[in-house]
Structure formats: structure tokens, C-alpha cells
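Peer 1: Pasting a structure below so you can have a look.
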Amino acid sequence: MEATTRDGDPVLSARGLVKSFHRGLPPRRRTIEVLKGADLEVRAGELVGLVGENGSGKSTLMQIVVGLLKRDGGEVEPPGTLGYCPQLPMVWEKLTVSEHFQLFGRAYSLDEAETDRAESDLLDELQFERYRDFRIEELSGGTRQKLNLALALMHDPELLLLDEPYAGFDWETYLRFWEMSERRRDAGMGILIVSHLLAERDRLDRIYSLVDGRTVPA
Amino acid sequence: MTAFAEVAGSFVREQARTPLNLVLLVFIPIFFVVIFASVLGEFAEALGGDLAEQAATSISAGWAAAFLCGTLAFFQLNSARDADRRLASAGLGPWRVATGRIAAALVLGALVSAVAYLTLWLRSGVEHPPHAALAILIFAAIYIGLGALIGVLVRGQLEGSLIVVLVFALDVFSGPAMTSGGGLTSFTPTRDAAELLIAAGGGRDSPASDWIGAAAVAAGGIAIAMVAFWLSARSRGS
């Protein structure tokens with residue numbers, strides 16, 4: 001599946017996002033306002049960073065964009081195809097790496113040939129081919145994270161959302177991750193990377209900072 | 001292979017690859033039919049009931065299927081919640097994920113029921129085999145619903161599994177012939193299924209109205225499980 005947007009077209013536009021969480025029971029019930037009108041835009045062929053302190057709402061914002069969380073207010077114009085790499089791998093411990101590709105291939109409406117090709121290409125690109133038939137419970141943290149990333153990439157989405165994607169990567173894989181991201185950005189994919197610490201600012205086209213529930217250019 | 005078969009098959013494999021599940025699948029029916037049944041009569045006597053030995057043995061096969069299906073449904077929902085939501089949001093949608101989960105729960109329920117039935121047959125024989133098999137399946141369906149419902153309401157594994165056991169214990173000890181009768185014990189979810197299983201074990205037929213009532217409760221259990229799996233796979237509000 002190829003991205004159909006042109007460079008510069010917005011692939012994600014989110015405006016005025018509001019989100020609160022309610023925790024505890026009365027009389028200790030508390031409301032935590034996480035997002036208070038956050039805006040976000042990512043264009044095709046752009047590598048954008050989103051930074052903020054721990055608990056600032058970065059993952060919440062991303063989950064709202066993906067559709068995993070409902071928003072209390074604001075608007076999101078989602079892209080045609082979206083890939084999401086969550087902070088912690090959301091995978092099934094008892095299934096193999098290959099079975100994950102097959103399941104997500106179904107979810108992305110890829111046919112068998114497209115799924116098999118994406119699986120082979122990504123196993124090769126991220127260099128974990130030998131773990132193809134391993135169950136997730138048998139993998140190291142870094143290899144789980146490679147699968148987590150690969151599942152977000154396998155349908156070549158218009159927008160790629162990466163939440164702390166390189167946690168657990170060794171140095172070589174970390175560098176390969178940036179090469180992969182830049183290659184896809186150059187091919188027209190819009191990419192949003194969330195991190196509490198972005199050391200590679202030079203590689204990014206723009207950076208948002210999430211401060212007090214709102215996004216500001218950093 | 002269709003998307004449905006791919007998803008449901010993966011979910012069945014996920015459960016089958018848990019070694020403890022397979023051990024429990026063999027030992028829980030043996031424990032219930034051979035050991036639990038013998039003390040069930042004594043409990044019934046203490047509670048003012050009059051559960052006969054044959055009836056206790058028959059009904060224990062139903063309890064074995066119920067207990068296993070309830071805990072399996074609870075853990076199936078609880079342990080895969082995040083991955084299921086990711087799969088649904090990736091494009092499969094919560095209904096198709098829930099349908100896959102239900103299909104997997106029913107396949108496992110049928111397997112559990114078959115083992116419970118076989119244990120009962122080996123232990124004491126079954127006077128009315130088709131009726132007993134169907135009644136055990138009804139137990140399984142009802143507890144798939146209860147296990148999934150508890151799974152969607154309670155996130156903690158310890159808390160949730162304790163609630164499954166509590167509901168199960170209340171159900172067992174307020175079953176037919178366990179108490180002197182009356183009150184709320186007439187409205188437990190497995191009441192009709194238990195009556196049917198006791199009758200089938202003793203070679204007696206049951207009226208059609210009892211079958212219709214039990215089938216309706218079983219269908220309700222499946223419907224509740226479907227909604228619970230759907231709620232688990234869809235977007236969250238908080």
C-alpha cells in the first residue's frame with residue numbers, strides 16, 4: 001500500500017484537544033486535566049517531534065489521535081492510513097512474531113502476498129529474521145520493541161506515530177531506526193515521534209513541546 | 001483463510017499454549033467429579049438440602065465446565081486487553097475482535113465440556129448422554145458470560161479471579177437441592193441447567209420449558225460475553 005498524499009499536504013490535523021481523567025472514589029475523587037487545548041499538525045514528508053516532561057500528556061495525545069482514547073473536546077482530522085507504535089509493546093505473549101504480522105496484515109486489509117512481503121522486508125530491515133517463529137514471551141525487550149515498530153510500519157502508512165520507539169534498542173539499532181525514519185520521511189510519510197528526551201533534534205523538521213496541556217513550538 | 005478464522009485461530013492458540021490451562025483442563029474435571037462431588041452432598045445436608053450422590057456427581061461435571069470457562073474467559077479478556085485494542089484500532093474494529101474472542105471462548109468451552117462429560121461418563125456413567133452433554137455446554141456458556149463480564153469490570157488479575165471464585169461459590173452453594181429452598185436461590189444463573197443435568201444423570205427427561213429457559217440464559221451469557229469483549233476492544237473514555 002503506497003502513501004497517496006503529496007509532500008506538504010497535512011496528514012494529521014488536531015485542534016483544541018481536551019482530555020481529563022477521573023481517579024478514585026468520593027470523597028477522594030480527583031480530576032486530572034491532562035490536555036487543555038492542544039494543537040498538532042503533521043505534513044506529508046515531515047519528521048516532527050513531540051517532547052514534554054513525564055506525565056505531560058504526550059502518550060494521551062497520541063492515543064487520542066490513534067483512537068485508543070476518547071477526547072473530551074477538540075477536533076482530529078485523521079489520515080487515510082495510520083501506523084501506531086505504542087510506548088509499551090501491545091502484543092500477545094503466547095503468539096509468535098510471524099503470527100503477529102499475519103494478524104495485523106488482516107487488520108490493515110493487506111492480502112497474503114503483501115503481508116508476507118512486508119514481514120520479510122521488515123524482519124530483514126530491523127535484523128530480527130531469526131526470531132520469526134519465536135513467541136513474544138521468549139524475546140528480549142529490544143526485540144519486542146523491534147516487532148512493536150515493525151507492526152506499525154507494515155502497511156506503509158501515510159502517518160506514523162511513534163511513542164518512545166527506541167526504548168530498549170542497542171546503539172546500532174538506534175541508528176538504524178533513524179535511518180529508516182528518514183528514508184520513509186523522504187518517501188513522503190509523515191512521522192510524529194514522541195519522547196521525553198529527544199537527543200537527535202537535528203534530524204527533526206519541527207518540534208512541539210507539550211507544556212501545561214498545550215503544545216508550543218520548541 | 002478468512003480474517004475471522006485467522007483471528008479466532010490465533011486466539012485459541014494463545015490459550016492452548018499456556019501449559020497451566022492444559023493441566024487444569026484435565027485435573028479440574030477429575031477434582032470436581034471425583035472429590036468435590038463427594039463433599040457436595042455433605043454441604044447440602046448442612047445447608048438443609050437433600051442432594052443425592054448420583055445428582056451430586058452429575059452436577060459436578062457442570063460445575064467443572066463452569067469454573068474452567070469462567071476463569072478462562074476472565075483471563076482471556078484481562079491478559080489481552082491492550083493488544084486487542086491495538087488490533088481493533090489498526091482496522092479490524094472492536095466487533096470483529098470480539099467475534100474472534102467469542103469463537104475462541106466457545107471452542108475452549110466445548111473442549112472443557114467434552115472433558116467434563118468424559119470424566120462424568122467414566123466415573124458413574126450417564127443415563128441420558130445427549131441431555132447431559134447439552135446441559136454441561138449450557139453451564140459453560142453461562143460462565144463464559146460471567147467470566148468476561150467480570151474481566152471487563154475488574155482490571156486487577158487477583159481481584160477479578162477472586163470475584164469469579166466468589167460468584168462461582170455462591171452459585172454452587174445455592175444450587176438445586178443444596179438448601180431448604182426459596183428466596184434468592186431460585187434465581188441463580190445456572191439453576192435450570194443444574195436441574196437439567198441432575199435429571200439427565202439420573203435418566204429422567206426434563207420438560208421443554210426447562211430447556212428453553214436454560215437455553216435462553218446460555219444465549220444471554222454469550223451475548224454478555226460478546227458485549228464485554230467489544231467493550232474491551234473499543235476506544236476507552238478514561
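Chain identifiers are assigned as A, B, and so on, following the order in which chains appear in the C-alpha cells; residues are numbered from 1 within each chain, and ligands are numbered from 1 in order of appearance.
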Please provide as a PyMOL selection string all residues within 8 Å of region 145-159 of chain B, with the sequence filter that same-chain residues fewer than 6 positions apart are discarded (counting only C-alpha atoms).
Peer 2: chain B and resi 69-75+77-78+220-226+228-229+231-232
Peer 1: Write a file of the just-selected residues containing C-alpha atoms, as a short mmCIF file (atom, residue, chain, number, x, y, z; two decimals), in the first residue's frame.
Peer 2:
data_model
loop_
_atom_site.label_atom_id
_atom_site.label_comp_id
_atom_site.auth_asym_id
_atom_site.auth_seq_id
_atom_site.Cartn_x
_atom_site.Cartn_y
_atom_site.Cartn_z
CA CYS B 69 -14.85 -21.50 31.34
CA GLY B 70 -15.37 -18.62 33.79
CA THR B 71 -11.68 -18.37 34.66
CA LEU B 72 -10.54 -18.85 31.04
CA ALA B 73 -12.90 -16.12 29.81
CA PHE B 74 -11.76 -13.78 32.58
CA PHE B 75 -8.06 -14.27 31.86
CA LEU B 77 -10.07 -10.78 28.36
CA ASN B 78 -7.81 -9.49 31.12
CA GLY B 220 -27.73 -14.36 27.42
CA GLY B 221 -24.31 -15.46 28.69
CA ILE B 222 -22.89 -15.48 25.16
CA ALA B 223 -24.44 -12.07 24.44
CA ILE B 224 -22.96 -10.62 27.63
CA ALA B 225 -19.55 -12.05 26.72
CA MET B 226 -19.81 -10.54 23.24
CA ALA B 228 -17.76 -7.48 27.26
CA PHE B 229 -15.19 -8.37 24.58
CA LEU B 231 -16.17 -3.02 25.32
CA SER B 232 -12.65 -4.25 26.00
#
Peer 1: Quick check: residues of chain B within 6 Å of chain A, only C-alpha atoms, returned as a PyMOL selection string.
Peer 2: chain B and resi 14+82-83+90-92+235-238
Peer 1: Can you write out the residues you just picked, keeping C-alpha atoms, as a tab-separated table (two decimals), in the first residue's frame?
Peer 2:
chain	number	residue	atom	x	y	z
B	14	GLU	CA	-2.86	-18.25	22.53
B	82	ASP	CA	-4.26	-3.86	25.29
B	83	ALA	CA	-3.22	-5.97	22.31
B	90	ALA	CA	-5.44	-0.87	13.44
B	91	GLY	CA	-8.50	-1.53	11.31
B	92	LEU	CA	-10.08	-4.79	12.42
B	235	SER	CA	-11.72	3.12	22.50
B	236	ARG	CA	-11.67	4.00	26.15
B	237	GLY	CA	-13.20	7.09	27.71
B	238	SER	CA	-10.67	7.34	30.53
Peer 1: Got a sec to tell me which of region 16-237 of chain B DSSP assigns to alpha helix (DSSP H), as a ChimeraX atom specification?
Peer 2: /B:16,19-30,37-46,53-87,94-124,129-153,157-173,191-201,208-233
Peer 1: By how many Å are CA of Gln76 (chain B) and CA of Arg234 (chain B) apart?
Peer 2: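 The value is 15.9 Å.
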Peer 1: Which one of A:Asp133, A:Glu75, A:Glu182, A:Asp156 sits closest to Leu110 (chain A) if you count only C-alpha atoms?
Peer 2: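 Going through A:Asp133, A:Glu75, A:Glu182, A:Asp156 one by one, the smallest distance to Leu110 (chain A) is for A:Asp156.
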Peer 1: Tell me, in Å to one decimal, how far CA of Asp111 (chain A) is from CA of Glu179 (chain A).
Peer 2: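 According to the coordinates, CA of Asp111 (chain A) and CA of Glu179 (chain A) are separated by 27.6 Å.
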Peer 1: For Ala103 (chain B), which of B:Ser10, B:Ser38, B:Ser124, B:Ser209 is the closest residue, counting only C-alpha atoms?
Peer 2: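 Looking at the shortest contact to Ala103 (chain B), the residue is B:Ser10.
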Peer 1: Could you work out how far CA of Leu149 (chain A) lies from CA of Thr173 (chain A), giving the answer in Å with one decimal?
Peer 2: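 According to the coordinates, CA of Thr173 (chain A) and CA of Leu149 (chain A) are separated by 11.7 Å.
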Peer 1: Which neighbours of Ala5 (chain B) fall inside 10 Å, counting only C-alpha atoms, when residues of the same chain fewer than 3 positions from it are skipped, and could you give them as a PyMOL selection string?
Peer 2: chain B and resi 1-2+8-11+100+103-104
Peer 1: Residues at most 10 Å from Arg184 (chain A), counting only C-alpha atoms, excluding those fewer than 4 positions away in the same chain, as a count of residues only?
Peer 2: 15
Peer 1: Could you pull out the strand (DSSP E) residues of region 49-201 of chain A, going by DSSP on the backbone, and write them as a ChimeraX atom specification?
Peer 2: /A:49-51,73-77,82-85,159-163,190-195
Peer 1: With only C-alpha atoms as the counted atoms, please give the residues lying no more than 10 Å from Ile136 (chain B), apart from itself and same-chain residues fewer than 5 positions off, as a PyMOL selection string.
Peer 2: chain B and resi 58-66+109-110+112-114+116-117+131+141+193-194+196-197
Peer 1: Counting only C-alpha atoms, which of A:Phe128, A:Glu114, A:Tyr174, A:Leu161 gets nearest to Ser140 (chain A)?
Peer 2: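 Of A:Phe128, A:Glu114, A:Tyr174, A:Leu161, the one nearest Ser140 (chain A) is A:Phe128, counting only C-alpha atoms.
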Peer 1: Near region 123-127 of chain A, within 9 Å and counting only C-alpha atoms, which residues show up once chain neighbours fewer than 6 positions away are dropped, as a list in words?
Peer 2: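 Here the qualifying residues turn out to be Lys146, Leu147, Ala150, Thr173, Arg176, Phe177 and Met180 of chain A.
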Peer 1: I need the chosen residues saved as a PDB file, in the first residue's frame, with C-alpha atoms.
Peer 2:
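File produced: again27.pdb:
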ATOM      1  CA  LYS A 146      11.529  -4.087  17.004  1.00  0.00           C
ATOM      2  CA  LEU A 147       8.320  -6.058  16.452  1.00  0.00           C
ATOM      3  CA  ALA A 150       7.510  -3.255  12.539  1.00  0.00           C
ATOM      4  CA  THR A 173      19.512  -0.453  16.094  1.00  0.00           C
ATOM      5  CA  ARG A 176      19.180   2.146  12.004  1.00  0.00           C
ATOM      6  CA  PHE A 177      15.874   3.381  13.400  1.00  0.00           C
ATOM      7  CA  MET A 180      14.611   4.070   8.478  1.00  0.00           C
TER       8      MET A 180
END
